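Here's entry.tsv, which has TSV, C-alpha atoms:
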```
chain	number	residue	atom	x	y	z
A	7	MET	CA	0.00	0.00	0.00
A	8	TYR	CA	1.33	3.47	-0.95
A	9	GLU	CA	0.88	6.30	1.52
A	10	SER	CA	2.54	9.63	2.08
A	11	SER	CA	3.23	12.12	4.84
A	12	PHE	CA	3.37	15.83	4.13
A	13	CYS	CA	4.64	18.96	5.81
A	14	VAL	CA	3.07	22.15	4.49
A	15	LYS	CA	3.84	25.72	5.51
A	16	SER	CA	1.95	28.94	4.75
A	17	PRO	CA	2.97	32.51	5.56
A	18	GLY	CA	1.06	35.03	7.61
A	19	LYS	CA	0.14	38.47	6.39
A	20	LEU	CA	0.73	42.14	7.17
A	21	ILE	CA	-1.65	44.79	5.86
A	22	LEU	CA	0.29	47.85	4.73
A	23	LEU	CA	-2.62	50.05	3.62
A	24	GLY	CA	-6.38	49.85	3.14
A	25	GLU	CA	-7.77	48.58	6.45
A	26	TYR	CA	-11.55	49.08	6.75
A	27	ALA	CA	-11.65	50.47	3.19
A	28	VAL	CA	-11.06	46.95	1.87
A	29	LEU	CA	-14.45	45.96	3.34
A	30	GLU	CA	-15.96	48.58	1.01
A	31	HIS	CA	-14.23	46.99	-2.00
A	32	ALA	CA	-11.22	49.28	-2.12
A	33	PRO	CA	-7.85	47.57	-2.68
A	34	ALA	CA	-5.79	46.65	0.38
A	35	LEU	CA	-2.04	46.60	0.03
A	36	VAL	CA	-0.91	43.44	1.82
A	37	THR	CA	2.27	41.40	2.05
A	38	ALA	CA	2.92	37.83	3.05
A	39	ILE	CA	5.49	37.75	5.87
A	40	ASP	CA	8.19	35.35	6.98
A	41	ARG	CA	6.25	33.71	9.81
A	42	HIS	CA	4.57	30.46	8.96
A	43	CYS	CA	1.93	28.05	10.13
A	44	ILE	CA	3.28	24.52	9.69
A	45	VAL	CA	1.01	21.50	9.38
A	46	LYS	CA	2.37	17.93	9.30
A	47	ILE	CA	0.05	15.12	8.33
A	48	SER	CA	0.86	11.39	8.43
A	49	PRO	CA	-1.23	8.22	7.99
A	50	LEU	CA	-2.90	6.41	10.88
A	51	TYR	CA	-4.83	3.18	10.64
A	52	ASN	CA	-8.39	2.16	11.64
A	53	SER	CA	-9.74	5.57	10.51
A	54	THR	CA	-8.37	7.17	13.67
A	55	PHE	CA	-7.37	10.83	13.85
A	56	GLN	CA	-5.15	12.58	16.34
A	57	ILE	CA	-4.28	16.26	16.62
A	58	ARG	CA	-1.20	17.69	18.27
A	59	THR	CA	-0.81	21.42	18.85
A	60	GLY	CA	2.26	21.81	21.03
A	61	ASN	CA	2.30	25.59	21.29
A	62	LEU	CA	-1.30	25.66	22.61
A	63	ASN	CA	-0.50	23.18	25.40
A	64	LEU	CA	-3.35	20.86	24.47
A	65	PRO	CA	-3.29	17.13	25.21
A	66	GLU	CA	-3.10	14.75	22.27
A	67	ILE	CA	-6.65	14.40	20.97
A	68	GLN	CA	-7.92	11.19	19.33
A	69	PHE	CA	-11.22	10.78	17.49
A	70	THR	CA	-12.96	9.35	14.44
A	71	LEU	CA	-14.95	11.15	11.75
A	72	ASP	CA	-18.36	10.00	10.59
A	73	SER	CA	-19.62	10.29	7.01
A	74	GLU	CA	-20.71	13.91	7.63
A	75	GLY	CA	-17.31	14.87	9.00
A	76	ASP	CA	-18.43	15.18	12.63
A	77	ALA	CA	-15.83	14.18	15.22
A	78	HIS	CA	-16.43	11.45	17.81
A	79	PHE	CA	-13.85	11.55	20.61
A	80	ARG	CA	-12.38	8.55	22.34
A	81	THR	CA	-12.41	10.32	25.70
A	82	PRO	CA	-14.54	13.25	26.88
A	83	MET	CA	-13.06	16.69	26.24
A	84	SER	CA	-13.37	19.83	28.28
A	85	VAL	CA	-15.41	22.69	26.88
A	86	LYS	CA	-12.22	24.76	26.70
A	87	THR	CA	-10.34	22.14	24.68
A	88	GLU	CA	-13.24	21.61	22.29
A	89	LYS	CA	-13.47	25.36	21.74
A	90	GLN	CA	-9.74	25.56	20.99
A	91	LEU	CA	-10.08	22.78	18.42
A	92	GLN	CA	-13.29	24.11	16.91
A	93	PHE	CA	-11.59	25.73	13.93
A	94	VAL	CA	-9.60	22.61	12.96
A	95	LEU	CA	-12.61	20.32	13.42
A	96	SER	CA	-14.70	22.62	11.24
A	97	MET	CA	-12.02	22.40	8.55
A	98	LEU	CA	-12.04	18.58	8.69
A	99	LYS	CA	-15.82	18.60	8.36
A	100	TYR	CA	-15.64	20.97	5.40
A	101	VAL	CA	-13.13	18.79	3.56
A	102	THR	CA	-15.13	15.61	4.27
A	103	GLN	CA	-18.32	17.13	2.90
A	104	ARG	CA	-16.67	18.71	-0.13
A	105	LYS	CA	-13.96	16.20	-1.05
A	106	GLY	CA	-14.97	12.87	0.50
A	107	LYS	CA	-13.78	10.63	3.31
A	108	ILE	CA	-10.38	11.51	4.78
A	109	PRO	CA	-8.13	8.56	5.66
A	110	GLY	CA	-7.11	8.31	9.32
A	111	ALA	CA	-4.32	10.76	10.04
A	112	SER	CA	-2.02	12.23	12.63
A	113	ILE	CA	-2.08	16.03	12.30
A	114	GLU	CA	0.54	18.24	13.94
A	115	ILE	CA	-0.06	21.99	13.95
A	116	ASP	CA	2.51	24.64	14.80
A	117	THR	CA	1.35	28.26	14.98
A	118	ALA	CA	3.96	29.36	17.55
A	119	PRO	CA	5.40	32.16	15.34
A	120	PHE	CA	2.04	33.94	15.59
A	121	TYR	CA	2.29	34.33	19.38
A	122	HIS	CA	4.52	36.49	21.58
A	123	LYS	CA	7.12	34.22	23.14
A	124	THR	CA	6.98	35.89	26.56
A	125	THR	CA	3.40	37.07	27.04
A	126	GLY	CA	1.60	34.55	24.83
A	127	HIS	CA	-0.34	37.36	23.12
A	128	LYS	CA	-1.55	36.48	19.66
A	129	PHE	CA	-0.24	38.75	16.92
A	130	GLY	CA	-2.60	40.06	14.23
A	131	LEU	CA	-0.71	38.29	11.45
A	132	GLY	CA	-3.47	36.13	9.99
A	133	SER	CA	-2.82	32.91	11.88
A	134	SER	CA	-6.26	31.40	11.20
A	135	ALA	CA	-5.89	32.09	7.47
A	136	ALA	CA	-2.40	30.57	7.39
A	137	LEU	CA	-3.75	27.54	9.29
A	138	THR	CA	-6.65	27.23	6.85
A	139	VAL	CA	-4.39	27.28	3.82
A	140	SER	CA	-1.79	24.91	5.31
A	141	LEU	CA	-4.34	22.42	6.61
A	142	LEU	CA	-6.39	22.43	3.42
A	143	SER	CA	-3.31	22.01	1.22
A	144	ALA	CA	-1.92	19.23	3.43
A	145	MET	CA	-5.20	17.30	3.44
A	146	MET	CA	-5.57	17.63	-0.33
A	147	GLU	CA	-2.06	16.24	-0.84
A	148	PHE	CA	-2.72	13.51	1.73
A	149	MET	CA	-5.90	12.49	-0.13
A	150	ASN	CA	-4.01	12.55	-3.45
A	151	LYS	CA	-6.19	15.45	-4.63
A	152	HIS	CA	-3.50	18.02	-5.35
A	153	ILE	CA	-4.82	21.55	-5.58
A	154	GLU	CA	-3.01	24.07	-7.78
A	155	GLN	CA	-1.98	27.36	-6.20
A	156	GLU	CA	-4.32	29.40	-8.40
A	157	ASP	CA	-7.25	27.37	-7.00
A	158	LEU	CA	-5.98	27.25	-3.43
A	159	TYR	CA	-7.07	30.80	-2.58
A	160	ARG	CA	-10.64	30.21	-3.74
A	161	GLU	CA	-11.01	26.87	-1.95
A	162	ALA	CA	-9.35	28.16	1.23
A	163	PHE	CA	-11.60	31.22	1.18
A	164	LEU	CA	-14.64	28.93	1.17
A	165	ALA	CA	-13.18	26.77	3.93
A	166	HIS	CA	-12.27	29.77	6.08
A	167	ARG	CA	-15.75	31.22	5.71
A	168	HIS	CA	-17.23	27.83	6.70
A	169	ALA	CA	-15.02	27.64	9.79
A	170	GLN	CA	-15.42	31.26	10.88
A	171	GLY	CA	-19.10	31.65	10.10
A	172	LYS	CA	-18.54	34.95	8.32
A	173	LEU	CA	-17.36	36.22	4.97
A	174	GLY	CA	-14.47	38.54	5.78
A	175	SER	CA	-12.43	40.21	3.06
A	176	GLY	CA	-10.16	37.27	2.22
A	177	THR	CA	-7.07	39.50	2.32
A	178	ASP	CA	-5.18	37.20	4.68
A	179	ILE	CA	-6.16	34.07	2.72
A	180	ALA	CA	-4.85	35.61	-0.52
A	181	ALA	CA	-1.52	36.54	1.08
A	182	SER	CA	-1.04	33.10	2.64
A	183	ALA	CA	-1.93	31.21	-0.51
A	184	THR	CA	0.01	33.26	-3.07
A	185	GLY	CA	2.81	35.02	-1.16
A	186	GLY	CA	4.61	38.24	-2.08
A	187	VAL	CA	3.16	41.74	-1.89
A	188	MET	CA	-0.09	42.57	-3.67
A	189	SER	CA	-3.13	44.76	-4.02
A	190	TYR	CA	-6.22	42.78	-3.07
A	191	LYS	CA	-9.90	43.53	-3.64
A	192	MET	CA	-12.48	41.38	-1.95
A	193	PRO	CA	-15.24	39.66	-3.99
A	194	GLU	CA	-18.00	41.99	-5.14
A	195	THR	CA	-20.79	39.76	-3.78
A	196	ILE	CA	-21.11	36.81	-1.43
A	197	ASP	CA	-21.69	34.58	-4.47
A	198	LYS	CA	-18.52	35.70	-6.25
A	199	LEU	CA	-15.73	33.90	-4.47
A	200	ASN	CA	-12.66	35.14	-6.30
A	201	GLY	CA	-11.21	38.45	-5.17
A	202	GLN	CA	-8.79	40.42	-7.34
A	203	VAL	CA	-5.12	39.74	-6.65
A	204	ASN	CA	-2.58	42.03	-8.34
A	205	PRO	CA	1.03	41.18	-7.41
A	206	HIS	CA	3.60	43.98	-7.12
A	207	TYR	CA	7.34	44.40	-6.77
A	208	TRP	CA	8.56	46.01	-3.57
A	209	PRO	CA	10.00	49.51	-4.28
A	210	GLU	CA	13.78	49.38	-3.94
A	211	ASP	CA	14.01	52.48	-1.74
A	212	LEU	CA	11.07	51.70	0.57
A	213	HIS	CA	12.10	50.44	4.02
A	214	MET	CA	9.65	48.79	6.44
A	215	ILE	CA	10.08	48.37	10.19
A	216	THR	CA	7.37	46.43	12.05
A	217	ILE	CA	6.71	47.33	15.68
A	218	TRP	CA	4.83	45.46	18.42
A	219	ALA	CA	2.70	47.90	20.38
A	220	GLY	CA	2.59	45.62	23.43
A	221	TYR	CA	-0.93	44.19	23.52
A	222	SER	CA	-3.55	42.58	21.28
A	223	ALA	CA	-6.82	44.12	20.16
A	224	SER	CA	-10.14	42.60	19.08
A	225	THR	CA	-10.59	42.96	15.34
A	226	ARG	CA	-14.18	41.77	15.54
A	227	SER	CA	-15.27	44.32	18.14
A	228	PHE	CA	-13.57	47.16	16.25
A	229	VAL	CA	-15.23	46.19	12.95
A	230	ASN	CA	-18.59	45.85	14.72
A	231	ASN	CA	-18.23	49.37	16.13
A	232	VAL	CA	-17.40	50.77	12.70
A	233	ASN	CA	-20.36	48.92	11.16
A	234	GLU	CA	-22.65	50.38	13.82
A	235	PHE	CA	-21.36	53.85	12.95
A	236	ARG	CA	-22.04	53.10	9.26
A	237	ASP	CA	-25.61	52.03	10.00
A	238	ASN	CA	-26.44	54.89	12.37
A	239	ARG	CA	-24.67	57.77	10.63
A	240	PRO	CA	-24.32	56.79	6.97
A	241	VAL	CA	-23.62	60.27	5.59
A	242	LYS	CA	-20.65	60.89	7.89
A	243	TYR	CA	-19.43	57.33	7.43
A	244	ASP	CA	-19.57	57.61	3.64
A	245	ALA	CA	-17.60	60.85	3.68
A	246	ILE	CA	-14.75	59.34	5.71
A	247	MET	CA	-14.81	56.06	3.82
A	248	GLN	CA	-14.73	57.74	0.43
A	249	THR	CA	-11.47	59.43	1.37
A	250	MET	CA	-10.04	56.18	2.72
A	251	LYS	CA	-11.02	54.35	-0.47
A	252	GLU	CA	-9.36	56.99	-2.64
A	253	LEU	CA	-6.20	56.84	-0.54
A	254	SER	CA	-6.19	53.04	-0.80
A	255	GLU	CA	-6.54	53.19	-4.59
A	256	ASP	CA	-3.84	55.85	-4.94
A	257	GLY	CA	-1.54	54.12	-2.45
A	258	SER	CA	-1.67	50.85	-4.35
A	259	LYS	CA	-0.93	52.64	-7.63
A	260	VAL	CA	2.07	54.63	-6.40
A	261	PHE	CA	3.45	51.56	-4.63
A	262	ALA	CA	3.21	49.60	-7.88
A	263	ASN	CA	4.92	52.47	-9.72
A	264	GLY	CA	7.73	52.66	-7.16
A	265	ASP	CA	6.89	56.25	-6.13
A	266	THR	CA	8.04	56.02	-2.52
A	267	ASP	CA	7.64	59.72	-1.68
A	268	ALA	CA	3.99	59.67	-2.72
A	269	PHE	CA	3.42	56.40	-0.87
A	270	LEU	CA	4.83	57.80	2.39
A	271	ASN	CA	2.51	60.81	2.15
A	272	ILE	CA	-0.50	58.58	1.51
A	273	VAL	CA	0.35	56.34	4.48
A	274	GLU	CA	0.26	59.35	6.79
A	275	ASP	CA	-2.96	60.68	5.27
A	276	PHE	CA	-4.57	57.26	5.67
A	277	LYS	CA	-3.48	57.07	9.30
A	278	ASN	CA	-5.17	60.44	9.90
A	279	GLN	CA	-8.40	59.16	8.34
A	280	GLU	CA	-8.24	56.08	10.55
A	281	TYR	CA	-7.98	58.38	13.54
A	282	LEU	CA	-11.08	60.26	12.36
A	283	LEU	CA	-12.96	57.02	11.76
A	284	GLY	CA	-12.06	55.92	15.28
A	285	GLN	CA	-13.22	59.20	16.80
A	286	GLU	CA	-16.56	59.10	15.02
A	287	SER	CA	-17.22	55.41	15.74
A	288	ASP	CA	-16.01	55.60	19.35
A	289	THR	CA	-13.33	53.05	18.53
A	290	GLU	CA	-9.70	53.45	19.56
A	291	ILE	CA	-8.26	52.58	16.14
A	292	ILE	CA	-5.37	55.02	16.54
A	293	SER	CA	-4.77	54.50	20.25
A	294	ASP	CA	-2.57	56.60	22.50
A	295	VAL	CA	0.08	53.91	22.09
A	296	HIS	CA	-0.01	54.16	18.30
A	297	GLN	CA	0.10	57.94	18.56
A	298	GLU	CA	3.19	57.70	20.74
A	299	ILE	CA	4.92	55.35	18.31
A	300	PHE	CA	3.97	57.63	15.41
A	301	ARG	CA	5.62	60.61	17.15
A	302	MET	CA	8.81	58.61	17.75
A	303	VAL	CA	8.97	57.38	14.16
A	304	LYS	CA	8.20	60.85	12.83
A	305	SER	CA	11.00	62.36	14.91
A	306	ALA	CA	13.40	59.88	13.32
A	307	GLY	CA	12.32	60.85	9.81
A	308	GLY	CA	9.73	58.21	8.90
A	309	THR	CA	6.00	57.70	9.06
A	310	TYR	CA	3.85	55.07	10.77
A	311	LYS	CA	0.40	53.50	10.94
A	312	PRO	CA	-1.16	50.48	12.65
A	313	SER	CA	-1.50	47.31	10.60
A	314	GLY	CA	-4.93	45.74	10.76
A	315	ALA	CA	-7.84	46.87	12.90
A	316	GLY	CA	-5.68	49.08	15.15
A	317	GLY	CA	-5.98	49.62	18.87
A	318	GLY	CA	-2.83	47.75	19.78
A	319	ASP	CA	-0.98	44.87	18.18
A	320	ILE	CA	1.37	45.63	15.27
A	321	GLY	CA	2.24	48.86	13.49
A	322	VAL	CA	4.37	49.55	10.44
A	323	ALA	CA	6.95	52.30	10.06
A	324	PHE	CA	8.03	53.31	6.57
A	325	CYS	CA	10.92	55.43	5.32
A	326	LYS	CA	12.98	56.02	2.19
A	327	ASN	CA	16.58	55.21	3.12
A	328	SER	CA	18.61	52.85	5.28
A	329	SER	CA	20.04	55.57	7.55
A	330	THR	CA	16.52	56.72	8.50
A	331	ALA	CA	15.51	53.10	9.04
A	332	GLU	CA	18.42	52.70	11.44
A	333	GLN	CA	17.39	55.83	13.34
A	334	ILE	CA	13.85	54.48	13.66
A	335	ARG	CA	15.19	51.16	14.94
A	336	GLN	CA	17.31	52.96	17.50
A	337	VAL	CA	14.54	55.17	18.85
A	338	ILE	CA	12.17	52.16	19.14
A	339	SER	CA	14.89	50.02	20.76
A	340	ASP	CA	15.28	52.73	23.41
A	341	SER	CA	11.55	52.67	24.14
A	342	MET	CA	9.16	50.17	25.72
A	343	PHE	CA	8.14	48.81	22.31
A	344	ASP	CA	9.60	45.89	20.35
A	345	ILE	CA	10.88	45.68	16.79
A	346	MET	CA	9.59	42.50	15.15
A	347	ASP	CA	11.79	42.43	12.02
A	348	LEU	CA	9.11	40.95	9.77
A	349	LYS	CA	10.05	40.66	6.12
A	350	MET	CA	8.12	40.13	2.92
A	351	ASN	CA	7.79	36.43	2.08
A	352	PRO	CA	8.00	35.95	-1.70
A	353	THR	CA	6.26	32.58	-1.83
A	354	GLY	CA	2.89	31.34	-0.65
A	355	THR	CA	1.99	27.86	0.54
A	356	GLU	CA	4.74	25.28	0.10
A	357	VAL	CA	4.88	21.51	0.48
A	358	VAL	CA	8.30	21.34	2.10
A	359	HIS	CA	8.65	17.67	3.02
A	360	ARG	CA	7.34	14.34	1.88
A	361	MET	CA	8.08	10.73	2.82
A	362	ASN	CA	6.81	7.68	0.97
A	363	PHE	CA	5.81	4.41	2.63
A	364	GLU	CA	5.19	1.04	1.07
```

Before we go any further, please render this structure as structure tokens.
Amino acid sequence: MYESSFCVKSPGKLILLGEYAVLEHAPALVTAIDRHCIVKISPLYNSTFQIRTGNLNLPEIQFTLDSEGDAHFRTPMSVKTEKQLQFVLSMLKYVTQRKGKIPGASIEIDTAPFYHKTTGHKFGLGSSAALTVSLLSAMMEFMNKHIEQEDLYREAFLAHRHAQGKLGSGTDIAASATGGVMSYKMPETIDKLNGQVNPHYWPEDLHMITIWAGYSASTRSFVNNVNEFRDNRPVKYDAIMQTMKELSEDGSKVFANGDTDAFLNIVEDFKNQEYLLGQESDTEIISDVHQEIFRMVKSAGGTYKPSGAGGGDIGVAFCKNSSTAEQIRQVISDSMFDIMDLKMNPTGTEVVHRMNFE
């Protein structure tokens, strides 16, 4: 009998420009980054499954899957453990229902690079999207149903929506599946599942320094607040969002054209609109912490904005030359904040290891 084991890795993402505006079908500028979710999958017999997630400190879980993809555990699980595994179990159910019965397998999941080593805080780097893409790709290979990269984004987008119970923009899925830096527009309707992905080259004179603000923020609660503002005060919302959409469009264009000066100006203008959106929606998108980091980066000659929903988490400093980048690194190193040294990852999902068994 011929069977294979696979190790698949997918990068996380960092949004450079276009947060919130991307949900209104403006392009987001996003890059895959050099932190990966790694999934290893190997055959087990008797249709048994086990899941190992070392960085989450979960016990080894064993179960079987029925014809509908529902898990039946060998020993009772705590509510906490079942909740932590909910996303993975939902993915297994999705694949079973869409692609057929999955052979028994041992699945190892490593998402440690998406968590702060000391505090355990989860970074806003698209870990669930990277897990979706890695797990889906690994299971397809394991079932001998190879999925081409151009189809991986679409299928992973469906799977992620199934697991999360919401649509989302798909920005993080696109970055994990395809890699590199790109402009991304979400699908126009819920029935159109392919967003627009336009890959770019990174401008030679654009330097990026990623900074950890010290605590995580809830993307869902921030987006809910902004949506409430949209529903209750549509005229004011539309005015702010129109400016953000125009900045997102222009920012993607000048980035693609390598016009770094124009891009730096647009980043700062977009950050100011995020601040206004936060003020009007009673949401701390540009928090006091982000304001403090902005002032430090500005004093060193660069500009700065949060990446993602804002509040806390990760921000991105940009500048035009290496000497300014070094000054920014120095001023941040002397502060209470941490430099993360994230870099653009040129490739998307990769099958990096395979062993054959007879």

Counting all atoms listed in the file, closest pick from A:Leu282, A:Leu22, A:Leu29, A:Gly185 relative to Leu270 (chain A) is A:Leu22

Taking 5 positions as the minimum chain separation for residues in the same chain, which residues sit within 12 Å of Met83 (chain A) when counting all atoms listed in the file? Answer as a PDB file with C-alpha atoms, in the frame of the given file.
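New file result.pdb:
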```pdb
ATOM      1  CA  LEU A  64      -3.350  20.860  24.470  1.00  0.00           C
ATOM      2  CA  PRO A  65      -3.290  17.130  25.210  1.00  0.00           C
ATOM      3  CA  GLU A  66      -3.100  14.750  22.270  1.00  0.00           C
ATOM      4  CA  ILE A  67      -6.650  14.400  20.970  1.00  0.00           C
ATOM      5  CA  GLN A  68      -7.920  11.190  19.330  1.00  0.00           C
ATOM      6  CA  PHE A  69     -11.220  10.780  17.490  1.00  0.00           C
ATOM      7  CA  ALA A  77     -15.830  14.180  15.220  1.00  0.00           C
ATOM      8  CA  HIS A  78     -16.430  11.450  17.810  1.00  0.00           C
ATOM      9  CA  GLU A  88     -13.240  21.610  22.290  1.00  0.00           C
ATOM     10  CA  LYS A  89     -13.470  25.360  21.740  1.00  0.00           C
ATOM     11  CA  GLN A  90      -9.740  25.560  20.990  1.00  0.00           C
ATOM     12  CA  LEU A  91     -10.080  22.780  18.420  1.00  0.00           C
ATOM     13  CA  GLN A  92     -13.290  24.110  16.910  1.00  0.00           C
TER      14      GLN A  92
END
```

A:Pro33, A:Gly321, A:Pro49, A:Gly316 ranked by distance to Pro205 (chain A), top pick (using only C-alpha atoms)
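That would be A:Pro33, the residue with the smallest distance to Pro205 (chain A).
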
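With all atoms listed in the file as the basis for measurement, A:Glu114 is the residue among A:Glu114, A:Leu137, A:Gly60, A:Lys107 that approaches Lys46 (chain A) most closely.
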
### For CA of Asn271 (chain A) and CA of Ile39 (chain A), the interatomic separation in Å (one decimal)
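Separating CA of Asn271 (chain A) from CA of Ile39 (chain A) is a distance of 23.5 Å.
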
For region 203-278 of chain A against region 286-304 of chain A, with a cut-off of 10 Å and counting only C-alpha atoms, what is the closest atom pair and its distance in Å to one decimal for every residue that makes the cut, ordered by chain and number, as a tab-separated table?
```
residue	atom	partner	partner_atom	distance
A:Ile215	CA	A:Val303	CA	9.9
A:Ile217	CA	A:Ile299	CA	8.6
A:Trp218	CA	A:Ile299	CA	9.9
A:Ala219	CA	A:Val295	CA	6.8
A:Gly220	CA	A:Val295	CA	8.8
A:Tyr221	CA	A:Val295	CA	9.9
A:Ala223	CA	A:Ile291	CA	9.5
A:Thr225	CA	A:Ile291	CA	9.9
A:Ser227	CA	A:Thr289	CA	9.0
A:Phe228	CA	A:Thr289	CA	6.3
A:Val229	CA	A:Thr289	CA	9.0
A:Asn230	CA	A:Thr289	CA	9.7
A:Asn231	CA	A:Ser287	CA	6.1
A:Val232	CA	A:Ser287	CA	5.6
A:Asn233	CA	A:Ser287	CA	8.5
A:Glu234	CA	A:Ser287	CA	7.6
A:Phe235	CA	A:Ser287	CA	5.2
A:Arg236	CA	A:Ser287	CA	8.4
A:Asn238	CA	A:Ser287	CA	9.8
A:Arg239	CA	A:Glu286	CA	9.3
A:Lys242	CA	A:Glu286	CA	8.4
A:Tyr243	CA	A:Glu286	CA	8.3
A:Ile246	CA	A:Glu286	CA	9.5
A:Glu274	CA	A:Phe300	CA	9.5
A:Lys277	CA	A:Ile292	CA	7.8
A:Asn278	CA	A:Ile292	CA	8.6
```

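Note that CA of Gly130 (chain A) and CA of Ser222 (chain A) are 7.5 Å apart.
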
Expressed in Å, the length from CA of Thr37 (chain A) to CA of Ala331 (chain A) is 19.0 Å

With all atoms of region 348-354 of chain A from the file as input, state the centre and edge lengths in Å to one decimal of the axis-aligned box that has 6 Å extra on each side, as lines of an AutoDock Vina configuration file.
```
center_x = 6.5
center_y = 36.1
center_z = 4.0
size_x = 19.2
size_y = 21.6
size_z = 23.6
```

(request) Go through A:Arg41, A:His127, A:Arg167, A:His206 one by one, measure the shortest atom-to-atom distance of each to Gly186 (chain A) using only C-alpha atoms, and give the residue with the smallest value. (result)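 For Gly186 (chain A), the nearest of the given residues is A:His206.
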
| field | Within 10 Å of Asn52 (chain A) using all atoms listed in the file, minus same-chain residues under 6 positions, as a PyMOL selection string | value | chain A and resi 70+109-111

Discussion item. If we draw a sphere of 12 Å around (-10.4, 43.1, -7.4), which residues have at least one atom in it when counting only C-alpha atoms? Please report them as an NGL selection string.
Written reply: :A and (28-35 or 175-177 or 180 or 188-195 or 198-205 or 255)

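Distances here use only C-alpha atoms; by that measure, the residue among A:Thr117, A:Gln155, A:Thr249, A:Ser84 closest to Gly354 (chain A) is A:Gln155.
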
Distance query Trp208 (chain A) at most 8 Å, only C-alpha atoms, self and fewer than 4 positions along chain excluded, as a ChimeraX atom specification = /A:187,212,261-262,264

Shell around region 140-148 of chain A at 9 Å using all atoms listed in the file, local window under 2 positions removed, as a PyMOL selection string: chain A and resi 9-17+43-49+94+97-98+101+105+108-109+111+113+115+135-138+150-153+158+161-162+165+182-183+355-357

| request: May I ask which of the residues A:Thr216, A:Ser53, A:Ser258, A:Asn351 is the closest one to Ile338 (chain A), counting all atoms listed in the file? | output: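 Smallest separation from Ile338 (chain A) among the options: A:Thr216.
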